[in-house]
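Engineer: Contents of my_file-v5.csv (CSV, C-alpha atoms) are below:
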chain,number,residue,atom,x,y,z
A,1,MET,CA,5.4,24.0,-0.7
A,2,PHE,CA,3.2,21.3,0.8
A,3,THR,CA,3.6,19.2,-2.4
A,4,GLY,CA,7.4,19.6,-2.0
A,5,LEU,CA,7.4,18.6,1.7
A,6,GLY,CA,5.1,15.6,0.8
A,7,ALA,CA,7.6,14.5,-1.8
A,8,ALA,CA,10.5,14.8,0.6
A,9,VAL,CA,8.7,12.5,3.0
A,10,LYS,CA,7.5,10.0,0.4
A,11,TYR,CA,7.9,10.9,-3.3
A,12,PRO,CA,4.4,9.9,-4.6
A,13,GLY,CA,3.1,12.9,-2.8
A,14,VAL,CA,4.5,15.0,-5.6
A,15,PHE,CA,1.7,13.7,-7.8
A,16,ASN,CA,-0.9,15.5,-5.7
A,17,GLY,CA,0.3,18.6,-7.6
A,18,SER,CA,-1.2,17.2,-10.8
A,19,TYR,CA,-4.7,18.1,-9.6
A,20,LEU,CA,-3.8,21.7,-9.0
A,21,VAL,CA,-2.3,21.9,-12.5
A,22,MET,CA,-5.3,20.2,-14.1
A,23,PHE,CA,-8.0,22.4,-12.5
A,24,HIS,CA,-6.0,25.5,-13.3
A,25,LEU,CA,-5.8,24.5,-17.0
A,26,ILE,CA,-9.5,23.8,-17.1
A,27,ARG,CA,-10.3,27.3,-15.7
A,28,ARG,CA,-7.7,29.0,-17.9
A,29,TYR,CA,-9.0,27.3,-21.0
A,30,SER,CA,-12.5,28.5,-20.3
A,31,GLU,CA,-11.2,32.1,-19.8
A,32,TRP,CA,-9.1,31.8,-22.9
A,33,LYS,CA,-12.0,30.6,-25.1
A,34,LYS,CA,-14.2,33.6,-24.0
A,35,GLN,CA,-11.6,36.1,-25.1
A,36,PRO,CA,-11.6,37.5,-28.6
A,37,ARG,CA,-8.8,36.1,-30.8
A,38,ALA,CA,-7.0,39.4,-30.9
A,39,ALA,CA,-7.0,39.7,-27.1
A,40,ARG,CA,-5.7,36.1,-26.5
A,41,CYS,CA,-2.2,36.4,-25.1
A,42,GLY,CA,0.4,34.2,-23.3
A,43,LEU,CA,0.8,33.7,-19.6
A,44,VAL,CA,-1.2,35.8,-17.1
A,45,LYS,CA,-0.7,36.5,-13.5
A,46,ASP,CA,-2.3,33.3,-12.2
A,47,ASP,CA,-0.2,31.2,-14.6
A,48,TRP,CA,3.0,32.7,-13.1
A,49,LYS,CA,1.6,32.1,-9.6
A,50,LEU,CA,1.3,28.4,-10.4
A,51,ILE,CA,4.8,28.3,-11.9
A,52,MET,CA,6.2,30.0,-8.8
A,53,ALA,CA,4.3,27.5,-6.6
A,54,GLY,CA,6.1,24.7,-8.5
A,55,VAL,CA,9.5,26.4,-8.0
A,56,VAL,CA,8.7,26.7,-4.2
A,57,SER,CA,7.7,23.1,-4.1
A,58,ALA,CA,10.9,22.0,-5.7
A,59,LEU,CA,12.9,24.1,-3.2
A,60,ALA,CA,11.0,22.7,-0.3
A,61,PHE,CA,11.8,19.2,-1.5
A,62,PHE,CA,15.5,19.8,-1.8
A,63,LEU,CA,15.7,21.7,1.6
A,64,ALA,CA,13.7,19.0,3.4
A,65,ASP,CA,15.5,16.1,1.9
A,66,PHE,CA,19.2,16.6,2.8
A,67,ALA,CA,20.2,13.2,1.4
A,68,VAL,CA,19.5,14.6,-2.1
A,69,LEU,CA,21.6,17.7,-1.5
A,70,ILE,CA,24.5,15.6,-0.1
A,71,ASN,CA,24.4,12.8,-2.7
A,72,PHE,CA,22.4,13.9,-5.8
A,73,SER,CA,24.2,11.4,-8.0
A,74,GLY,CA,23.0,8.6,-5.8
A,75,PHE,CA,19.5,9.9,-5.8
A,76,TRP,CA,19.4,10.3,-9.5
A,77,ALA,CA,20.8,6.8,-10.0
A,78,ASP,CA,18.0,5.4,-7.8
A,79,LEU,CA,15.4,7.2,-9.8
A,80,ARG,CA,16.8,5.9,-13.1
A,81,GLY,CA,17.1,2.5,-11.6
A,82,MET,CA,13.4,2.4,-10.6
A,83,ALA,CA,12.3,3.7,-14.0
A,84,SER,CA,14.3,1.0,-15.8
A,85,VAL,CA,12.5,-1.9,-14.1
A,86,PRO,CA,9.2,-2.1,-16.0
A,87,ARG,CA,6.6,-4.7,-15.3
A,88,PRO,CA,6.5,-7.4,-18.0
A,89,GLY,CA,3.3,-7.9,-20.0
A,90,ASN,CA,0.8,-5.8,-21.9
A,91,VAL,CA,0.5,-2.3,-20.4
A,92,PHE,CA,-3.3,-2.3,-20.8
A,93,ALA,CA,-3.6,-5.7,-19.1
A,94,ASN,CA,-1.4,-4.4,-16.3
A,95,LEU,CA,-3.5,-1.2,-16.1
A,96,LEU,CA,-6.6,-3.3,-15.6
A,97,ASP,CA,-4.9,-5.6,-13.1
A,98,THR,CA,-3.7,-2.6,-11.1
A,99,PHE,CA,-7.2,-1.1,-11.1
A,100,LEU,CA,-8.8,-4.4,-9.9
A,101,CYS,CA,-6.2,-4.9,-7.1
A,102,TYR,CA,-6.5,-1.3,-6.0
A,103,PHE,CA,-10.3,-1.5,-6.0
A,104,GLU,CA,-10.4,-4.7,-4.1
A,105,ASP,CA,-8.0,-3.4,-1.4
A,106,GLY,CA,-10.1,-0.2,-1.2
A,107,PHE,CA,-13.4,-2.2,-0.9
A,108,ARG,CA,-12.1,-4.8,1.6
A,109,TYR,CA,-9.4,-3.0,3.6
A,110,THR,CA,-8.8,0.7,2.9
A,111,LEU,CA,-12.0,2.7,2.5
A,112,GLY,CA,-14.6,0.3,3.8
A,113,ILE,CA,-17.6,-1.2,2.1
A,114,PRO,CA,-20.0,1.8,2.4
A,115,ALA,CA,-17.4,4.4,1.2
A,116,ALA,CA,-16.2,2.1,-1.6
A,117,ALA,CA,-19.8,1.5,-2.8
A,118,VAL,CA,-20.5,5.3,-2.8
A,119,ILE,CA,-17.3,6.0,-4.7
A,120,THR,CA,-18.1,3.3,-7.3
A,121,CYS,CA,-21.6,4.7,-7.8
A,122,ALA,CA,-20.2,8.2,-8.2
A,123,MET,CA,-17.6,7.0,-10.7
A,124,ILE,CA,-20.2,5.2,-12.8
A,125,TYR,CA,-22.5,8.2,-12.8
A,126,ASN,CA,-19.7,10.6,-13.8
A,127,PHE,CA,-18.6,8.3,-16.6
A,128,PHE,CA,-22.0,8.8,-18.3
A,129,ARG,CA,-22.5,12.4,-17.2
A,130,PRO,CA,-19.0,13.9,-16.6
A,131,SER,CA,-18.7,17.0,-14.5
A,132,ARG,CA,-15.8,19.5,-14.4
A,133,LEU,CA,-14.7,17.9,-11.1
A,134,TRP,CA,-14.5,14.5,-12.9
A,135,ILE,CA,-12.6,16.0,-15.9
A,136,GLY,CA,-10.1,17.7,-13.6
A,137,CYS,CA,-9.5,14.6,-11.4
A,138,ILE,CA,-9.5,11.7,-13.9
A,139,PRO,CA,-6.2,12.5,-15.6
A,140,GLY,CA,-4.3,12.5,-12.3
A,141,MET,CA,-5.9,9.2,-11.2
A,142,LEU,CA,-5.1,7.7,-14.6
A,143,LEU,CA,-1.5,8.9,-14.2
A,144,PHE,CA,-1.2,7.0,-10.9
A,145,LEU,CA,-2.7,3.8,-12.4
A,146,TYR,CA,-0.4,4.1,-15.5
A,147,LEU,CA,2.7,4.5,-13.4
A,148,ALA,CA,1.7,1.6,-11.3
A,149,SER,CA,1.0,-0.5,-14.4
A,150,ILE,CA,4.5,-0.1,-15.8
A,151,ALA,CA,6.3,-0.5,-12.5
A,152,PRO,CA,6.5,-3.6,-10.3
A,153,ARG,CA,3.3,-4.8,-8.7
A,154,THR,CA,4.2,-3.3,-5.3
A,155,SER,CA,3.8,0.1,-6.9
A,156,ASP,CA,0.0,0.0,-6.4
A,157,ALA,CA,0.8,1.3,-2.9
A,158,TYR,CA,1.6,4.6,-4.5
A,159,CYS,CA,-1.9,5.0,-5.8
A,160,LEU,CA,-3.0,6.3,-2.4
A,161,PRO,CA,-3.0,10.0,-3.5
A,162,ALA,CA,-5.9,9.1,-5.8
A,163,LEU,CA,-8.1,8.7,-2.7
A,164,VAL,CA,-8.4,12.5,-2.4
A,165,PRO,CA,-10.1,13.1,-5.7
A,166,LEU,CA,-12.1,9.9,-5.4
A,167,CYS,CA,-13.6,11.2,-2.1
A,168,LEU,CA,-14.2,14.6,-3.7
A,169,ILE,CA,-16.0,13.0,-6.7
A,170,ALA,CA,-18.1,10.9,-4.3
A,171,GLY,CA,-19.0,13.9,-2.2
A,172,ASP,CA,-20.0,15.9,-5.2
A,173,TRP,CA,-22.2,13.1,-6.4
A,174,LEU,CA,-23.9,12.8,-3.0
A,175,LEU,CA,-24.6,16.5,-2.8
A,176,ASN,CA,-26.2,16.5,-6.2
A,177,LEU,CA,-28.7,13.7,-5.5
A,178,LYS,CA,-32.3,15.0,-5.3
A,179,ASN,CA,-33.6,12.5,-2.7
A,180,LYS,CA,-32.4,14.0,0.5
A,181,LYS,CA,-33.4,11.0,2.6
A,182,LEU,CA,-31.2,8.8,0.4
A,183,VAL,CA,-28.3,11.3,0.7
A,184,THR,CA,-28.6,11.3,4.5
A,185,THR,CA,-28.7,7.5,4.7
A,186,LEU,CA,-25.7,7.1,2.4
A,187,ALA,CA,-23.8,9.8,4.2
A,188,VAL,CA,-24.5,8.3,7.7
A,189,LEU,CA,-23.6,4.8,6.6
A,190,THR,CA,-20.3,6.1,5.0
A,191,ILE,CA,-19.3,8.1,8.0
A,192,ILE,CA,-20.1,5.2,10.4
A,193,GLY,CA,-18.3,2.6,8.2
A,194,THR,CA,-15.3,4.8,7.7
A,195,PHE,CA,-15.0,5.5,11.4
A,196,SER,CA,-15.3,1.8,12.2
A,197,TYR,CA,-12.3,1.1,9.8
A,198,CYS,CA,-10.3,3.9,11.4
A,199,TRP,CA,-11.1,2.6,14.9
A,200,ALA,CA,-10.1,-1.0,14.0
A,201,TYR,CA,-6.8,0.0,12.5
A,202,SER,CA,-6.1,2.4,15.4
A,203,GLN,CA,-6.5,-0.6,17.8
A,204,VAL,CA,-4.0,-2.5,15.7
A,205,THR,CA,-1.4,0.3,15.9
A,206,VAL,CA,-1.7,0.6,19.7
A,207,SER,CA,-1.3,-3.2,20.2
A,208,ARG,CA,2.1,-4.8,20.8
A,209,ASN,CA,4.1,-4.9,17.6
A,210,ILE,CA,3.5,-8.4,16.1
A,211,ARG,CA,7.2,-8.6,15.1
A,212,LEU,CA,8.2,-8.4,18.8
A,213,VAL,CA,5.7,-11.1,19.7
A,214,ALA,CA,7.1,-13.4,17.0
A,215,ALA,CA,10.7,-12.7,18.0
A,216,GLU,CA,9.9,-13.6,21.6
A,217,TRP,CA,8.3,-16.8,20.5
A,218,ILE,CA,11.3,-17.7,18.4
A,219,ASN,CA,13.7,-17.0,21.3
A,220,GLU,CA,11.6,-19.2,23.6
A,221,HIS,CA,10.8,-22.2,21.3
A,222,VAL,CA,13.5,-22.4,18.6
A,223,PRO,CA,16.7,-24.1,19.8
A,224,ALA,CA,19.9,-22.0,19.9
A,225,GLY,CA,22.2,-22.7,16.9
A,226,SER,CA,19.3,-23.3,14.5
A,227,THR,CA,19.6,-21.8,11.0
A,228,ILE,CA,16.8,-19.4,10.3
A,229,CYS,CA,16.1,-18.2,6.8
A,230,THR,CA,14.1,-15.2,5.6
A,231,LEU,CA,13.4,-13.9,2.1
A,232,ARG,CA,15.5,-10.8,2.5
A,233,TYR,CA,17.9,-9.7,5.2
A,234,PRO,CA,16.1,-9.1,8.5
A,235,VAL,CA,15.3,-5.4,9.3
A,236,PHE,CA,12.7,-4.5,11.8
A,237,TYR,CA,9.9,-3.3,9.5
A,238,ARG,CA,10.1,-6.4,7.4
A,239,THR,CA,10.5,-9.4,9.7
A,240,PRO,CA,11.1,-10.4,13.4
A,241,MET,CA,14.7,-9.7,14.4
A,242,VAL,CA,16.5,-12.2,16.5
A,243,SER,CA,20.1,-12.4,17.8
A,244,PRO,CA,22.7,-13.4,15.2
A,245,ARG,CA,24.7,-14.8,18.2
A,246,GLN,CA,22.0,-17.2,19.1
A,247,TYR,CA,21.0,-18.2,15.6
A,248,LYS,CA,22.6,-18.5,12.2
A,249,LEU,CA,20.6,-16.1,10.0
A,250,VAL,CA,20.5,-16.5,6.2
A,251,ASN,CA,18.4,-15.0,3.5
A,252,GLN,CA,17.1,-16.3,0.2
A,253,PHE,CA,17.4,-13.0,-1.8
A,254,ILE,CA,21.1,-12.5,-1.3
A,255,GLN,CA,22.4,-16.0,-0.9
A,256,GLY,CA,20.2,-17.8,-3.5
A,257,GLU,CA,17.5,-20.4,-3.5
A,258,ASP,CA,19.7,-23.2,-2.4
A,259,ILE,CA,20.2,-21.6,1.0
A,260,VAL,CA,16.6,-22.5,1.9
A,261,LYS,CA,17.5,-26.2,1.8
A,262,GLN,CA,20.1,-25.6,4.6
A,263,ALA,CA,17.6,-23.9,6.9
A,264,ASP,CA,16.0,-25.4,10.0
A,265,TYR,CA,13.3,-22.7,10.1
A,266,TYR,CA,11.9,-20.2,7.6
A,267,VAL,CA,10.3,-17.0,8.9
A,268,GLN,CA,7.8,-15.6,6.4
A,269,THR,CA,6.2,-12.2,6.6
A,270,SER,CA,3.4,-10.9,4.4
A,271,TYR,CA,5.5,-7.7,3.9
A,272,GLN,CA,7.8,-9.9,1.8
A,273,TRP,CA,5.2,-11.9,0.0
A,274,GLU,CA,5.7,-11.6,-3.8
A,275,PRO,CA,2.7,-9.7,-5.0
A,276,ALA,CA,0.4,-11.7,-7.4
A,277,SER,CA,-2.0,-10.7,-10.1
A,278,PHE,CA,-5.6,-10.0,-9.3
A,279,LEU,CA,-6.8,-13.4,-10.4
A,280,ASP,CA,-4.0,-15.2,-8.6
A,281,ARG,CA,-4.8,-13.3,-5.5
A,282,LEU,CA,-8.4,-14.5,-5.6
A,283,LYS,CA,-7.5,-18.1,-6.6
A,284,TYR,CA,-4.4,-18.9,-4.6
A,285,GLY,CA,-3.4,-15.9,-2.5
A,286,GLU,CA,0.2,-15.4,-1.6
A,287,ASP,CA,0.3,-17.3,1.7
A,288,LYS,CA,2.4,-20.2,0.4
A,289,THR,CA,5.0,-22.6,1.8
A,290,PRO,CA,8.5,-21.3,1.0
A,291,ALA,CA,9.8,-24.7,-0.3
A,292,PRO,CA,8.8,-28.4,-0.3
A,293,GLY,CA,9.5,-30.1,3.0
A,294,PHE,CA,8.6,-27.2,5.3
A,295,GLU,CA,5.6,-27.3,7.6
A,296,ARG,CA,3.8,-24.5,9.4
A,297,ILE,CA,4.2,-24.5,13.1
A,298,LYS,CA,3.1,-21.0,14.2
A,299,GLU,CA,1.2,-18.0,12.8
A,300,PHE,CA,1.0,-14.5,14.2
A,301,GLU,CA,-1.5,-11.9,13.1
A,302,ILE,CA,-3.5,-9.1,14.6
A,303,VAL,CA,-6.7,-9.1,12.6
A,304,PRO,CA,-8.6,-5.7,12.4
A,305,ARG,CA,-12.2,-6.2,13.2
A,306,VAL,CA,-14.3,-3.5,11.5
A,307,PHE,CA,-17.9,-2.5,12.1
A,308,PHE,CA,-17.0,-2.4,15.8
A,309,GLY,CA,-15.8,-5.9,16.1
A,310,LEU,CA,-18.3,-7.7,13.9
A,311,LEU,CA,-16.3,-8.2,10.7
A,312,PRO,CA,-12.7,-9.6,10.8
A,313,LEU,CA,-10.5,-8.4,7.9
A,314,THR,CA,-8.7,-11.7,7.2
A,315,ARG,CA,-6.6,-12.0,4.1
A,316,SER,CA,-4.5,-14.5,2.1
A,317,HIS,CA,-2.5,-11.9,0.1
A,318,ARG,CA,-0.3,-8.9,0.9
A,319,LEU,CA,-1.6,-5.4,1.1
A,320,ASN,CA,0.5,-2.4,0.1
A,321,HIS,CA,3.6,-1.4,2.0
A,322,TYR,CA,1.8,1.0,4.2
A,323,PHE,CA,-0.5,-1.6,5.6
A,324,GLU,CA,2.1,-4.2,6.0
A,325,ASN,CA,4.1,-1.9,8.2
A,326,ILE,CA,1.4,-2.0,10.9
A,327,MET,CA,-0.4,-5.3,10.3
A,328,PRO,CA,1.9,-8.0,8.8
A,329,LYS,CA,1.1,-11.7,9.0
A,330,ILE,CA,4.1,-13.7,10.2
A,331,ILE,CA,4.4,-17.5,9.7
A,332,ILE,CA,7.1,-19.7,11.2
A,333,PHE,CA,7.9,-22.8,9.1
A,334,ARG,CA,10.0,-25.8,10.2
A,335,ALA,CA,12.1,-28.0,7.9
A,336,GLY,CA,10.9,-31.6,7.6
A,337,ARG,CA,11.9,-33.8,10.6
A,338,GLU,CA,14.1,-36.1,8.5
A,339,ASN,CA,16.7,-33.3,8.1
A,340,SER,CA,16.0,-31.1,11.2
A,341,LEU,CA,16.8,-31.1,14.9
A,342,ASP,CA,15.0,-33.0,17.6
A,343,TYR,CA,12.0,-30.9,18.8
A,344,SER,CA,10.5,-33.4,21.2
A,345,GLY,CA,9.5,-31.8,24.5
A,346,LEU,CA,9.0,-28.3,23.0
A,347,SER,CA,5.6,-26.7,23.4
A,348,GLY,CA,3.8,-24.2,21.3
A,349,PHE,CA,4.1,-25.8,17.9
A,350,GLY,CA,1.3,-26.1,15.4
A,351,ARG,CA,-0.9,-23.3,16.8
A,352,LYS,CA,-2.0,-20.1,15.2
A,353,GLU,CA,-1.4,-17.0,17.3
A,354,LYS,CA,-4.5,-14.8,16.7
A,355,LEU,CA,-4.0,-11.9,19.0
A,356,ARG,CA,-7.2,-10.3,20.3
A,357,TRP,CA,-7.7,-6.7,19.4
A,358,PRO,CA,-8.2,-4.3,22.3
A,359,ARG,CA,-11.7,-3.3,23.0
As structure tokens, how would this structure be written, given the file I've shared?
Structural biologist:
Amino acid sequence: MFTGLGAAVKYPGVFNGSYLVMFHLIRRYSEWKKQPRAARCGLVKDDWKLIMAGVVSALAFFLADFAVLINFSGFWADLRGMASVPRPGNVFANLLDTFLCYFEDGFRYTLGIPAAAVITCAMIYNFFRPSRLWIGCIPGMLLFLYLASIAPRTSDAYCLPALVPLCLIAGDWLLNLKNKKLVTTLAVLTIIGTFSYCWAYSQVTVSRNIRLVAAEWINEHVPAGSTICTLRYPVFYRTPMVSPRQYKLVNQFIQGEDIVKQADYYVQTSYQWEPASFLDRLKYGEDKTPAPGFERIKEFEIVPRVFFGLLPLTRSHRLNHYFENIMPKIIIFRAGRENSLDYSGLSGFGRKEKLRWPR
């Protein structure tokens, strides 16, 4: 039922059920092998329980997601549409790229350095000495990576359910270490590090929404009547929203590349950055000027400071959708002066707005 409710809220949650199925199959295979050949039969009571759990999950999904019940044809068309947009390139190269991007985000932003280091050690150890827990978890994690490798690069956001088995594998490895002092040290560092990351992000979430701060600055400093361009149409979770009565709003995705040349300003949010490969992220990032002739005049970002304020988590590339919802980076660009309005006398240009995190 919880799998169904998870899928109704955000469909990747359905993949959490793969772990239940895998561990059940491992247990049932052991029982099946111990039985004499003549006594081996088909489904047993526990098998039917799992099947019924799947049925209940499906019912919970349909009951919780009324949009599917009302317009199933639209829902099915969306699913088929997403499945028909594969990522170009070799699937194995994409698999490696997805893994590297996911690992980097986990190490730098998601899990924290201590937890990511412990998980990495546990994964390496289990690779050479696999346990039943590893065997039960690895197919589900590979499934997430595979699905992300054949879908657009933004799909690495949907690898988040893999964190559950990764943490279980790391905990199992820690508990089986013989050096108790080492176990205690690693456990304390991981708990403190993870708490510091949670604390840093909680401070971001209780701060003023950065989109509102950027929208207020635009209203104060950008002349009325200016043409403001965004990559896609402005909705609140993507970009700052300003009055269409005060400004002419255009967007590149719907109206085409040429519309950028007609803009006086370009509002860029990291939520809309086009995701790059792992190597491109390291070399160039995704924080780029939208078109020749534009100059940066303002940046807005609330930078999480982990380890209780000591380490700022600055970045030059987008994170997954979940992170961009709470901590986007917003950049205001202005068209070159030769084809733009007169901005003499306006203040506030050319400075970065690095908002302090609450202490």
Engineer: So, counting all atoms listed in the file, which residue among A:Ile302, A:Leu189, A:Leu313, A:Ala214 is closest to A:Ile331?
Structural biologist: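 Residue with the minimum atom-to-atom distance to A:Ile331: A:Ala214.
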Engineer: A:Arg132, A:Lys49, A:Lys298, A:Arg281: which is nearest A:Leu168, counting all atoms listed in the file?
Structural biologist: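 Closest to A:Leu168 of all the choices is A:Arg132.
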Engineer: Could you name the residues that touch A:Pro244 at 10 Å or less, counting only C-alpha atoms, but leaving out those on the same chain fewer than 5 positions away, as a VMD selection string?
Structural biologist: chain A and resid 225 227 to 228 249 to 250
Engineer: Using only C-alpha atoms, which protein or nucleic acid residues come within 8 Å of A:Arg238? Drop anything in the same chain fewer than 2 positions from it, and give the result as a count of residues only.
Structural biologist: 8
Engineer: Considering all atoms listed in the file, return as a VMD selection string whatever protein or nucleic-acid residues lie within 8 Å of A:Val267, sequence-local ones (same chain, fewer than 2 positions apart) excluded.
Structural biologist: chain A and resid 228 to 230 239 265 269 330 to 333
Engineer: I want to know what sits within 12 Å of A:Asp172, based on only C-alpha atoms, with residues of the same chain fewer than 2 positions away left out; could you give that as a list of chain:residue names?
Structural biologist: A:Val118, A:Ile119, A:Cys121, A:Ala122, A:Met123, A:Tyr125, A:Asn126, A:Pro130, A:Ser131, A:Arg132, A:Leu133, A:Trp134, A:Pro165, A:Leu166, A:Cys167, A:Leu168, A:Ile169, A:Ala170, A:Leu174, A:Leu175, A:Asn176, A:Leu177, A:Val183, A:Ala187
Engineer: Mind listing as a ChimeraX atom specification all residues within 10 Å of (-5.9, -1.6, 4.4), counting all atoms listed in the file?
Structural biologist: /A:105-112,197-198,201,304,313,318-324,326-327
Engineer: Measure the distance from atom CA of A:Leu212 to atom CA of A:Ser270 in Å and round it to one decimal.
Structural biologist: 15.4 Å
Engineer: Which residue gives the smallest distance to A:Leu311 among A:Ala200, A:Leu279, A:Leu25, A:Met241, with only C-alpha atoms counted?
Structural biologist: A:Ala200
Engineer: For atom CA of A:Ser73 and atom CA of A:Met1, quote the distance in Å rounded to one decimal.
Structural biologist: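 Separation between atom CA of A:Ser73 and atom CA of A:Met1: 23.8 Å.
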Engineer: Tell me, in Å to one decimal, how far atom CA of A:Ala93 is from atom CA of A:Leu282.
Structural biologist: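 Pair atom CA of A:Ala93 / atom CA of A:Leu282 returns 16.8 Å.
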Engineer: Which is closer to A:Ala263 than all the others in A:Ser226, A:Ser277, A:Ser243, A:Ser202, using all atoms listed in the file?
Structural biologist: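 Nearest to A:Ala263: A:Ser226.
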Engineer: Rank nothing, just name the residue among A:Ile254, A:Val91, A:Ala335, A:Leu96 nearest to A:Pro292, using all atoms listed in the file.
Structural biologist: A:Ala335
Engineer: Excluding A:Asn219 and residues on its chain fewer than 6 positions from it, collect all residues at most 10 Å away from it, counting only C-alpha atoms, and give them as a VMD selection string.
Structural biologist: chain A and resid 242 to 243 246 to 247
